[in-house]
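Containing TSV, C-alpha atoms and all ligand atoms: start_39.tsv.
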```
chain	number	residue	atom	x	y	z
A	1	ARG	CA	91.18	81.94	80.15
A	2	GLN	CA	93.51	84.10	82.17
A	3	THR	CA	96.07	84.10	84.95
A	4	GLY	CA	97.37	86.93	87.09
A	5	THR	CA	100.01	87.86	89.64
A	6	VAL	CA	100.34	90.73	92.09
A	7	GLU	CA	103.17	91.61	94.50
A	8	THR	CA	102.43	92.00	98.20
A	9	ASP	CA	104.66	93.94	100.60
A	10	ALA	CA	105.34	92.96	104.19
A	11	GLU	CA	104.80	95.63	106.81
A	12	LYS	CA	107.20	95.91	109.78
A	13	HIS	CA	107.64	92.49	111.47
A	14	ASP	CA	105.49	91.02	108.68
A	15	VAL	CA	102.48	92.12	110.78
A	16	GLU	CA	100.39	92.26	107.59
A	17	TYR	CA	100.95	92.03	103.84
A	18	LEU	CA	99.61	94.91	101.74
A	19	THR	CA	98.67	94.54	98.08
A	20	PRO	CA	97.68	97.14	95.44
A	21	ILE	CA	94.26	97.06	93.79
A	22	SER	CA	92.38	99.50	91.50
A	23	ILE	CA	88.70	100.36	91.78
A	24	GLY	CA	86.47	102.30	89.39
A	25	THR	CA	86.75	104.42	86.25
A	26	PRO	CA	89.15	106.16	86.07
A	27	PRO	CA	90.98	103.68	88.33
A	28	GLN	CA	91.40	104.64	92.00
A	29	ASP	CA	94.49	102.94	93.46
A	30	LEU	CA	94.32	101.56	97.01
A	31	ILE	CA	96.55	99.20	98.98
A	32	VAL	CA	94.70	96.53	100.97
A	33	ASP	CA	95.25	93.52	103.21
A	34	PHE	CA	94.46	90.24	101.37
A	35	ASP	CA	92.77	88.03	103.96
A	36	THR	CA	92.01	84.35	103.31
A	37	GLY	CA	90.22	84.33	106.69
A	38	SER	CA	87.36	86.62	105.66
A	39	SER	CA	85.22	87.28	102.58
A	40	ASP	CA	84.43	90.99	102.36
A	41	LEU	CA	86.18	93.48	100.07
A	42	TRP	CA	85.87	96.72	101.99
A	43	VAL	CA	87.75	100.00	101.64
A	44	PHE	CA	88.13	103.35	103.34
A	45	SER	CA	85.75	105.73	101.54
A	46	THR	CA	84.60	109.32	101.18
A	47	GLU	CA	81.54	108.28	103.23
A	48	MET	CA	83.63	108.18	106.41
A	49	ALA	CA	84.04	110.95	108.95
A	50	ALA	CA	87.32	112.81	108.30
A	51	LYS	CA	88.49	112.15	111.90
A	52	ASP	CA	88.54	108.38	111.16
A	53	ILE	CA	90.90	108.74	108.18
A	54	LYS	CA	94.60	109.19	109.04
A	55	GLY	CA	96.66	108.84	105.88
A	56	GLN	CA	94.72	106.07	104.14
A	57	ALA	CA	93.65	106.32	100.48
A	58	VAL	CA	89.87	106.39	100.08
A	59	TYR	CA	87.43	105.11	97.45
A	60	ASP	CA	85.10	107.79	96.09
A	61	PRO	CA	82.17	106.11	94.30
A	62	ASN	CA	80.97	109.51	93.04
A	63	ASN	CA	84.27	109.82	91.18
A	64	SER	CA	83.79	106.58	89.26
A	65	SER	CA	81.64	106.46	86.11
A	66	THR	CA	81.20	102.70	86.56
A	67	SER	CA	80.05	102.70	90.21
A	68	GLU	CA	76.47	101.69	90.92
A	69	LYS	CA	75.00	101.79	94.44
A	70	LEU	CA	73.63	98.43	95.62
A	71	GLN	CA	70.49	100.05	97.02
A	72	GLY	CA	69.52	98.91	100.52
A	73	SER	CA	72.64	96.82	101.09
A	74	THR	CA	74.83	97.22	104.17
A	75	TRP	CA	77.72	95.32	105.76
A	76	GLN	CA	79.35	95.00	109.17
A	77	ILE	CA	82.38	92.90	110.05
A	78	THR	CA	84.38	92.14	113.22
A	79	TYR	CA	87.83	90.54	113.01
A	80	GLY	CA	89.56	88.14	115.35
A	81	ASP	CA	91.32	90.92	117.25
A	82	GLY	CA	88.01	92.72	117.89
A	83	SER	CA	88.55	95.39	115.26
A	84	SER	CA	85.53	96.20	113.09
A	85	SER	CA	84.12	98.24	110.22
A	86	SER	CA	80.78	98.81	108.49
A	87	GLY	CA	79.14	100.71	105.65
A	88	ASP	CA	77.21	100.39	102.40
A	89	VAL	CA	77.87	98.73	99.05
A	90	TYR	CA	78.63	99.68	95.44
A	91	LEU	CA	79.21	97.55	92.36
A	92	ASP	CA	82.27	98.73	90.49
A	93	THR	CA	85.17	97.51	88.38
A	94	VAL	CA	88.03	96.03	90.42
A	95	THR	CA	91.45	95.21	88.94
A	96	ILE	CA	94.20	93.16	90.63
A	97	GLY	CA	97.33	92.82	88.51
A	98	ASN	CA	96.04	92.08	85.00
A	99	LEU	CA	92.73	90.60	86.21
A	100	THR	CA	89.58	92.74	86.07
A	101	VAL	CA	86.14	92.01	87.51
A	102	PRO	CA	83.35	94.34	86.39
A	103	ASN	CA	80.50	94.68	88.92
A	104	GLN	CA	82.52	93.51	91.92
A	105	ALA	CA	80.79	94.29	95.23
A	106	VAL	CA	82.93	97.03	96.80
A	107	GLU	CA	81.97	97.63	100.42
A	108	ALA	CA	82.48	101.31	101.20
A	109	ALA	CA	83.26	102.00	104.84
A	110	LYS	CA	81.24	104.57	106.76
A	111	LYS	CA	82.75	103.54	110.11
A	112	VAL	CA	86.01	101.80	111.08
A	113	SER	CA	87.38	100.99	114.54
A	114	ASP	CA	90.52	102.73	115.83
A	115	GLU	CA	92.76	99.80	114.88
A	116	PHE	CA	92.07	100.58	111.22
A	117	THR	CA	92.25	104.36	111.60
A	118	ASP	CA	95.64	103.91	113.32
A	119	ASP	CA	96.96	101.68	110.50
A	120	PRO	CA	97.91	104.39	107.97
A	121	ASN	CA	99.21	102.15	105.18
A	122	ASN	CA	96.16	99.90	105.04
A	123	ASP	CA	93.23	101.15	102.93
A	124	GLY	CA	90.98	98.14	103.52
A	125	LEU	CA	90.68	94.38	103.25
A	126	LEU	CA	90.14	92.00	100.35
A	127	GLY	CA	88.63	88.73	101.53
A	128	LEU	CA	89.80	85.51	99.88
A	129	GLY	CA	87.68	83.22	102.06
A	130	PHE	CA	84.49	81.56	100.81
A	131	SER	CA	81.59	83.83	99.82
A	132	SER	CA	79.29	82.00	102.28
A	133	ILE	CA	80.63	84.24	105.07
A	134	ASN	CA	80.35	87.56	103.21
A	135	THR	CA	78.57	89.98	105.60
A	136	VAL	CA	76.53	92.03	103.07
A	137	GLN	CA	72.81	92.12	103.95
A	138	PRO	CA	70.17	91.39	102.74
A	139	THR	CA	72.07	89.55	99.95
A	140	PRO	CA	75.65	88.31	100.58
A	141	GLN	CA	78.03	89.17	97.73
A	142	ASN	CA	80.78	87.21	95.95
A	143	THR	CA	84.48	87.67	96.65
A	144	PHE	CA	86.80	88.91	93.90
A	145	PHE	CA	88.20	85.39	93.58
A	146	ASP	CA	84.72	83.84	93.23
A	147	ASN	CA	83.89	86.37	90.50
A	148	VAL	CA	87.18	85.99	88.60
A	149	LYS	CA	87.63	82.23	88.88
A	150	LYS	CA	85.47	81.39	85.85
A	151	ASN	CA	87.97	83.35	83.73
A	152	LEU	CA	91.03	81.66	85.24
A	153	ASP	CA	92.91	78.76	83.62
A	154	THR	CA	92.15	76.88	86.83
A	155	PRO	CA	90.14	78.00	89.88
A	156	LEU	CA	92.96	78.46	92.39
A	157	PHE	CA	95.26	81.12	93.84
A	158	THR	CA	98.64	80.73	95.47
A	159	THR	CA	100.45	82.65	98.20
A	160	ASP	CA	104.17	83.21	98.46
A	161	LEU	CA	104.53	85.43	101.54
A	162	LYS	CA	108.08	86.21	102.63
A	163	HIS	CA	109.89	87.39	105.75
A	164	GLY	CA	110.50	91.14	105.40
A	165	ALA	CA	110.41	91.09	101.62
A	166	PRO	CA	107.79	91.43	98.89
A	167	GLY	CA	105.84	88.27	98.22
A	168	SER	CA	103.17	87.46	95.66
A	169	TYR	CA	99.63	86.27	95.11
A	170	ASN	CA	99.11	84.38	91.84
A	171	PHE	CA	95.70	83.65	90.37
A	172	GLY	CA	94.88	80.75	88.05
A	173	TYR	CA	98.25	78.98	87.90
A	174	ILE	CA	100.89	77.20	89.93
A	175	ASP	CA	104.34	78.65	89.21
A	176	PRO	CA	106.74	75.69	89.22
A	177	ALA	CA	109.65	78.10	89.83
A	178	ALA	CA	108.06	79.30	93.08
A	179	TYR	CA	108.64	76.13	95.12
A	180	ILE	CA	110.96	73.17	95.60
A	181	GLY	CA	110.19	69.48	96.13
A	182	ASN	CA	106.64	68.19	96.08
A	183	ILE	CA	103.41	69.91	97.02
A	184	SER	CA	101.69	68.17	99.96
A	185	TRP	CA	97.92	68.25	99.37
A	186	THR	CA	95.24	68.07	102.07
A	187	PRO	CA	91.44	68.35	101.79
A	188	VAL	CA	89.73	71.65	102.67
A	189	ASP	CA	86.69	71.83	104.97
A	190	ASN	CA	84.96	75.07	103.87
A	191	SER	CA	81.83	74.47	105.99
A	192	GLN	CA	82.61	77.53	108.12
A	193	GLY	CA	83.61	79.63	105.08
A	194	PHE	CA	87.32	79.24	105.80
A	195	TRP	CA	90.22	77.35	104.17
A	196	GLY	CA	90.07	74.76	106.94
A	197	PHE	CA	92.24	71.65	107.18
A	198	THR	CA	93.52	69.14	109.75
A	199	SER	CA	97.22	68.60	110.35
A	200	PRO	CA	98.05	65.08	111.59
A	201	GLY	CA	100.75	66.13	114.03
A	202	TYR	CA	103.72	68.26	115.03
A	203	ALA	CA	107.32	68.09	116.21
A	204	VAL	CA	109.62	70.40	118.16
A	205	GLY	CA	113.14	70.71	116.79
A	206	THR	CA	114.45	67.49	115.26
A	207	GLU	CA	112.21	65.06	117.15
A	208	THR	CA	109.87	62.72	115.26
A	209	LEU	CA	106.32	63.88	114.47
A	210	ARG	CA	103.88	63.37	117.38
A	211	ASN	CA	100.41	62.20	116.33
A	212	HIS	CA	98.08	65.02	117.35
A	213	SER	CA	95.27	66.25	115.07
A	214	ILE	CA	95.33	70.01	114.67
A	215	SER	CA	92.24	71.49	112.99
A	216	GLY	CA	92.72	75.03	111.78
A	217	ILE	CA	92.50	77.50	108.95
A	218	ALA	CA	95.06	78.96	106.54
A	219	ASP	CA	94.67	82.67	107.27
A	220	THR	CA	96.86	85.27	105.55
A	221	GLY	CA	95.22	88.01	107.64
A	222	THR	CA	96.45	86.62	110.96
A	223	THR	CA	100.07	87.46	111.75
A	224	LEU	CA	101.00	84.56	114.04
A	225	LEU	CA	100.66	80.76	114.26
A	226	LEU	CA	97.94	80.09	116.87
A	227	LEU	CA	97.85	76.49	118.13
A	228	PRO	CA	96.27	74.43	120.95
A	229	LYS	CA	97.57	75.44	124.39
A	230	SER	CA	99.02	71.94	125.02
A	231	ILE	CA	101.17	72.13	121.87
A	232	VAL	CA	102.27	75.70	122.64
A	233	LYS	CA	103.31	74.62	126.15
A	234	ALA	CA	105.20	71.61	124.75
A	235	TYR	CA	107.04	73.87	122.31
A	236	TYR	CA	108.05	76.55	124.83
A	237	SER	CA	109.08	73.91	127.37
A	238	GLU	CA	112.04	73.42	125.04
A	239	VAL	CA	112.89	77.13	124.78
A	240	GLN	CA	115.30	78.35	127.46
A	241	GLY	CA	113.82	81.12	129.60
A	242	ALA	CA	110.43	81.04	127.89
A	243	GLN	CA	107.49	82.14	129.99
A	244	TYR	CA	103.91	83.28	129.56
A	245	ASP	CA	103.89	87.06	130.09
A	246	SER	CA	100.33	88.21	130.79
A	247	SER	CA	101.30	91.85	130.27
A	248	GLN	CA	102.45	90.98	126.74
A	249	GLY	CA	99.55	88.57	126.26
A	250	GLY	CA	101.68	85.62	125.23
A	251	TYR	CA	104.90	83.63	125.56
A	252	VAL	CA	108.12	85.63	125.55
A	253	PHE	CA	111.68	84.37	125.64
A	254	PRO	CA	115.28	85.59	125.22
A	255	CYS	CA	115.93	86.60	121.60
A	256	SER	CA	119.12	84.50	121.71
A	257	PRO	CA	119.86	81.63	121.24
A	258	THR	CA	117.56	80.88	118.30
A	259	PRO	CA	114.68	78.66	119.49
A	260	PRO	CA	114.03	75.21	118.00
A	261	ASP	CA	112.15	74.75	114.70
A	262	PHE	CA	108.43	73.93	114.83
A	263	VAL	CA	107.23	71.28	112.37
A	264	PHE	CA	103.62	70.46	111.49
A	265	GLY	CA	102.28	67.74	109.24
A	266	VAL	CA	100.31	68.31	106.04
A	267	ASN	CA	98.93	64.92	104.92
A	268	ASN	CA	102.06	62.77	104.48
A	269	GLY	CA	104.37	65.81	104.20
A	270	ILE	CA	105.71	68.31	106.71
A	271	VAL	CA	106.07	72.09	106.98
A	272	THR	CA	109.01	73.44	108.99
A	273	VAL	CA	108.73	76.82	110.73
A	274	PRO	CA	112.41	77.75	111.33
A	275	GLY	CA	113.24	78.81	114.88
A	276	ASP	CA	114.24	82.26	113.70
A	277	MET	CA	110.66	82.75	112.41
A	278	VAL	CA	109.33	81.87	115.88
A	279	LEU	CA	111.37	84.86	117.08
A	280	TYR	CA	108.50	87.11	116.09
A	281	ALA	CA	109.68	90.50	117.40
A	282	PRO	CA	111.72	92.01	120.24
A	283	ILE	CA	109.58	93.39	123.07
A	284	ASP	CA	112.26	95.71	124.45
A	285	SER	CA	114.55	98.30	122.90
A	286	ALA	CA	117.61	96.31	124.00
A	287	ASN	CA	116.22	93.40	121.92
A	288	GLN	CA	116.81	91.14	124.89
A	289	ASN	CA	113.42	89.42	124.99
A	290	CYS	CA	111.24	88.40	122.05
A	291	PHE	CA	107.51	87.79	121.59
A	292	GLY	CA	106.85	84.32	120.20
A	293	GLY	CA	105.42	83.76	116.73
A	294	ILE	CA	103.66	80.67	118.10
A	295	GLN	CA	100.87	81.45	120.58
A	296	SER	CA	97.72	79.80	121.94
A	297	ASP	CA	94.45	79.53	119.99
A	298	THR	CA	92.43	79.48	123.25
A	299	GLY	CA	88.98	80.98	122.81
A	300	ILE	CA	88.95	80.86	119.00
A	301	GLY	CA	87.58	77.33	118.56
A	302	PHE	CA	90.18	76.28	115.97
A	303	SER	CA	93.86	76.85	115.23
A	304	ILE	CA	95.06	79.56	112.89
A	305	PHE	CA	97.94	78.95	110.50
A	306	GLY	CA	98.73	82.63	109.99
A	307	ASP	CA	101.64	84.41	108.33
A	308	VAL	CA	104.30	82.83	110.61
A	309	ALA	CA	103.34	79.46	109.08
A	310	LEU	CA	102.41	80.66	105.58
A	311	LYS	CA	105.62	82.61	104.92
A	312	THR	CA	107.68	79.40	105.26
A	313	SER	CA	105.85	77.92	102.27
A	314	PHE	CA	104.36	78.25	98.82
A	315	VAL	CA	100.67	77.55	99.44
A	316	VAL	CA	98.00	76.63	96.86
A	317	PHE	CA	94.42	77.55	97.70
A	318	ASP	CA	92.58	75.26	95.26
A	319	ALA	CA	88.83	75.95	95.09
A	320	GLY	CA	88.43	73.47	92.21
A	321	GLY	CA	89.76	70.48	94.09
A	322	LEU	CA	88.77	71.99	97.48
A	323	GLN	CA	92.28	71.31	98.75
A	324	LEU	CA	95.29	73.14	100.14
A	325	GLY	CA	98.78	72.47	98.82
A	326	TRP	CA	101.87	73.27	100.89
A	327	ALA	CA	105.40	73.22	99.46
A	328	ALA	CA	108.83	74.29	100.64
A	329	LYS	CA	110.62	77.10	98.76
B	1	LIG	C1	93.63	96.62	111.90
B	1	LIG	C2	93.36	95.18	111.46
B	1	LIG	C3	92.76	94.28	112.31
B	1	LIG	C4	92.50	92.97	111.89
B	1	LIG	C5	92.87	92.58	110.63
B	1	LIG	C6	92.65	91.22	110.17
B	1	LIG	N1	92.65	90.86	108.88
B	1	LIG	O1	92.45	89.56	108.84
B	1	LIG	C7	92.37	89.12	110.09
B	1	LIG	C8	92.25	87.66	110.41
B	1	LIG	C9	91.46	87.37	111.65
B	1	LIG	C10	90.17	86.88	111.16
B	1	LIG	O2	89.19	87.77	111.56
B	1	LIG	C11	90.22	86.81	109.66
B	1	LIG	N2	91.61	86.95	109.30
B	1	LIG	N3	92.46	90.13	110.96
B	1	LIG	C12	93.49	93.49	109.76
B	1	LIG	C13	93.73	94.78	110.19
B	1	LIG	F1	94.32	95.68	109.39
```

Mind turning the file's structure into structure tokens?
Ligand SMILES: Cc1ccc(-c2noc([C@H]3C[C@@H](O)CN3)n2)cc1F
Amino acid sequence: RQTGTVETDAEKHDVEYLTPISIGTPPQDLIVDFDTGSSDLWVFSTEMAAKDIKGQAVYDPNNSSTSEKLQGSTWQITYGDGSSSSGDVYLDTVTIGNLTVPNQAVEAAKKVSDEFTDDPNNDGLLGLGFSSINTVQPTPQNTFFDNVKKNLDTPLFTTDLKHGAPGSYNFGYIDPAAYIGNISWTPVDNSQGFWGFTSPGYAVGTETLRNHSISGIADTGTTLLLLPKSIVKAYYSEVQGAQYDSSQGGYVFPCSPTPPDFVFGVNNGIVTVPGDMVLYAPIDSANQNCFGGIQSDTGIGFSIFGDVALKTSFVVFDAGGLQLGWAAK
């Protein structure tokens, strides 16, 4: 039985968290976006057109003695922001930290949309969602976590994302030094392939929790906290000068004073998103106005507890108990 840990670095404004992995023999090092909201491990590869690669590291299956083409298999994925990628599939050895999975399905990109080409530090994505939504055809493949979990002390991983500082993903153990107080546990609904859960309510600032079911997913690959329009309006009604700016595509408000905290329930506990985390990023060079870290989930069909929510907490993604644990830190 094993456990593992790997450090993840925040990009500017914590827009995404990038984590090193190794693929093949000898090992090829790439840095990828761990995404609990999807379930494909795909990487930039030598099968792409040179014009679509701008600084990224690429996986070369021909340079790995352990790669084996999964004949006839292809994949195609589209993310929440409309970005997409596609290609074919190899089985190869994948190592994260001290954990190795032989014969992991590695999805080699042949095409990627401009958003990926224009993201030079990101060499691909590693899905930590449920394998039921893996896009490989004709036979969906297992995620790294699904393949490694039988070797773990316990079938869970934890996230400790931070604001503008390296965080960590741990596999197979809960580090008691990584959080304070108690872990609030809530059941996971994985029927859509996500780490879905329902929060019982929310509060703005220091008010008491309002009963309002919020069904959403814990998604490390989404930058912001996307909530029902009514809750977003209630929050920004208490932020001086806040307004919906269609040119920015969301609520903006003066970067000072610090806006109120946003609190959401997790079972009988609460998670507090400090006001200064709702100040997502300045939209002008004078840093006068800021884009909000809380925005509407309209059109998605569920809420998304992205990095703005996750980086406030130590979160346990427990596939054994099919539950999520949230703790302060
Ligand atoms: C350029 C780029 C675009 C999107 C994403 C991306 N990664 O995870 C997610 C969310 C949305 C949902 O699809 C699953 N989790 N989005 C990453 C990128 F590097």

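Closest to ligand LIG 1 (chain B) among A:Gln243, A:Ser85, A:Asn63, A:Ser22 is A:Ser85, based on all atoms listed in the file.
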
Using only C-alpha atoms, find each residue of range 37-72 of chain A with at least one atom at most 6 Å away from an atom of range 128-140 of chain A; report its shortest atom-to-atom pair and that distance in Å (one decimal), sort the rows by chain and rising residue number, and return the result as a Markdown table.
```
| residue | atom | partner | partner_atom | distance |
| --- | --- | --- | --- | --- |
| A:Gly37 | CA | A:Gly129 | CA | 5.4 |
| A:Ser38 | CA | A:Gly129 | CA | 5.0 |
| A:Ser39 | CA | A:Gly129 | CA | 4.8 |
| A:Asp40 | CA | A:Asn134 | CA | 5.4 |
```

What would the file look like if the residues just selected were written as a PDB file, in the frame of the given file with C-alpha atoms?
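As written to disk, again.pdb reads:
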```pdb
ATOM      1  CA  GLY A  37      90.220  84.330 106.690  1.00  0.00           C
ATOM      2  CA  SER A  38      87.360  86.620 105.660  1.00  0.00           C
ATOM      3  CA  SER A  39      85.220  87.280 102.580  1.00  0.00           C
ATOM      4  CA  ASP A  40      84.430  90.990 102.360  1.00  0.00           C
TER       5      ASP A  40
END
```

Can you write out as JSON lines which residues of chain A fall within 7 Å of ligand LIG 1 (chain B), alongside each residue's closest atom pair and its distance in Å to one decimal, counting all atoms listed in the file and ordering rows by chain and ascending residue number?
```
{"residue": "A:Asp33", "atom": "CA", "partner": "B:LIG1", "partner_atom": "F1", "distance": 6.6}
{"residue": "A:Asp35", "atom": "CA", "partner": "B:LIG1", "partner_atom": "O1", "distance": 5.1}
{"residue": "A:Thr36", "atom": "CA", "partner": "B:LIG1", "partner_atom": "N2", "distance": 6.5}
{"residue": "A:Gly37", "atom": "CA", "partner": "B:LIG1", "partner_atom": "C11", "distance": 3.9}
{"residue": "A:Ser38", "atom": "CA", "partner": "B:LIG1", "partner_atom": "C11", "distance": 4.9}
{"residue": "A:Thr78", "atom": "CA", "partner": "B:LIG1", "partner_atom": "O2", "distance": 6.7}
{"residue": "A:Tyr79", "atom": "CA", "partner": "B:LIG1", "partner_atom": "O2", "distance": 3.4}
{"residue": "A:Gly80", "atom": "CA", "partner": "B:LIG1", "partner_atom": "O2", "distance": 3.8}
{"residue": "A:Asp81", "atom": "CA", "partner": "B:LIG1", "partner_atom": "C4", "distance": 5.9}
{"residue": "A:Ser83", "atom": "CA", "partner": "B:LIG1", "partner_atom": "C3", "distance": 5.3}
{"residue": "A:Glu115", "atom": "CA", "partner": "B:LIG1", "partner_atom": "C1", "distance": 4.4}
{"residue": "A:Phe116", "atom": "CA", "partner": "B:LIG1", "partner_atom": "C1", "distance": 4.3}
{"residue": "A:Asp119", "atom": "CA", "partner": "B:LIG1", "partner_atom": "C1", "distance": 6.2}
{"residue": "A:Asn122", "atom": "CA", "partner": "B:LIG1", "partner_atom": "F1", "distance": 6.3}
{"residue": "A:Leu125", "atom": "CA", "partner": "B:LIG1", "partner_atom": "N1", "distance": 6.9}
{"residue": "A:Asp219", "atom": "CA", "partner": "B:LIG1", "partner_atom": "N2", "distance": 5.6}
{"residue": "A:Thr220", "atom": "CA", "partner": "B:LIG1", "partner_atom": "N2", "distance": 6.7}
{"residue": "A:Gly221", "atom": "CA", "partner": "B:LIG1", "partner_atom": "O1", "distance": 3.4}
{"residue": "A:Thr222", "atom": "CA", "partner": "B:LIG1", "partner_atom": "C8", "distance": 4.4}
```

- Message: Report as a list in words all protein, DNA and RNA residues lying within 7 Å of Phe171 in chain A, evaluated on only C-alpha atoms, omitting residues in the same chain fewer than 2 positions from it.
- Response: Thr3, Gly4, Thr5, Leu156, Phe157, Thr158, Tyr169 and Tyr173 of chain A

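The spacing separating CA of Val308 in chain A from CA of Val239 in chain A amounts to 17.5 Å.
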
- Query: CA of Leu279 in chain A and CA of Lys12 in chain A, how far apart in Å?
  - Reply: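 Value for the CA of Lys12 in chain A-CA of Leu279 in chain A distance: 13.9 Å.
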
For range 84-91 of chain A, which lacks atoms in the input, supply all heavy atoms and format the output as a short mmCIF file (atom, residue, chain, number, x, y, z; two decimals), keeping the file's coordinate frame.
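Once written, selection.cif looks like this:
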```cif
data_model
loop_
_atom_site.label_atom_id
_atom_site.label_comp_id
_atom_site.auth_asym_id
_atom_site.auth_seq_id
_atom_site.Cartn_x
_atom_site.Cartn_y
_atom_site.Cartn_z
N SER A 84 86.78 96.31 113.86
CA SER A 84 85.53 96.20 113.09
C SER A 84 85.37 97.35 112.11
O SER A 84 86.09 98.36 112.20
CB SER A 84 84.34 96.21 114.05
OG SER A 84 84.31 97.45 114.74
N SER A 85 84.45 97.18 111.18
CA SER A 85 84.12 98.24 110.22
C SER A 85 82.73 97.96 109.67
O SER A 85 82.22 96.84 109.79
CB SER A 85 85.17 98.28 109.10
OG SER A 85 85.35 96.98 108.54
N SER A 86 82.14 98.97 109.05
CA SER A 86 80.78 98.81 108.49
C SER A 86 80.52 99.91 107.47
O SER A 86 81.22 100.92 107.45
CB SER A 86 79.73 98.89 109.62
OG SER A 86 79.79 100.17 110.23
N GLY A 87 79.47 99.68 106.66
CA GLY A 87 79.14 100.71 105.65
C GLY A 87 78.10 100.23 104.67
O GLY A 87 77.27 99.36 104.99
N ASP A 88 78.17 100.80 103.43
CA ASP A 88 77.21 100.39 102.40
C ASP A 88 77.97 99.86 101.18
O ASP A 88 79.19 99.66 101.28
CB ASP A 88 76.26 101.56 102.06
CG ASP A 88 77.01 102.85 101.73
OD1 ASP A 88 78.22 102.74 101.40
OD2 ASP A 88 76.42 103.92 101.83
N VAL A 89 77.29 99.56 100.11
CA VAL A 89 77.87 98.73 99.05
C VAL A 89 77.66 99.33 97.65
O VAL A 89 76.57 99.83 97.36
CB VAL A 89 77.24 97.31 99.07
CG1 VAL A 89 77.97 96.38 98.10
CG2 VAL A 89 77.27 96.72 100.48
N TYR A 90 78.71 99.28 96.86
CA TYR A 90 78.63 99.68 95.44
C TYR A 90 79.10 98.51 94.59
O TYR A 90 79.87 97.66 95.05
CB TYR A 90 79.53 100.90 95.19
CG TYR A 90 79.03 102.13 95.89
CD1 TYR A 90 79.32 102.34 97.25
CD2 TYR A 90 78.22 103.06 95.24
CE1 TYR A 90 78.82 103.45 97.92
CE2 TYR A 90 77.73 104.17 95.90
CZ TYR A 90 78.03 104.36 97.25
OH TYR A 90 77.53 105.45 97.91
N LEU A 91 78.61 98.46 93.35
CA LEU A 91 79.21 97.55 92.36
C LEU A 91 80.12 98.41 91.52
O LEU A 91 79.73 99.52 91.10
CB LEU A 91 78.14 96.90 91.49
CG LEU A 91 77.12 96.01 92.21
CD1 LEU A 91 76.13 95.42 91.21
CD2 LEU A 91 77.80 94.91 93.01
#
```
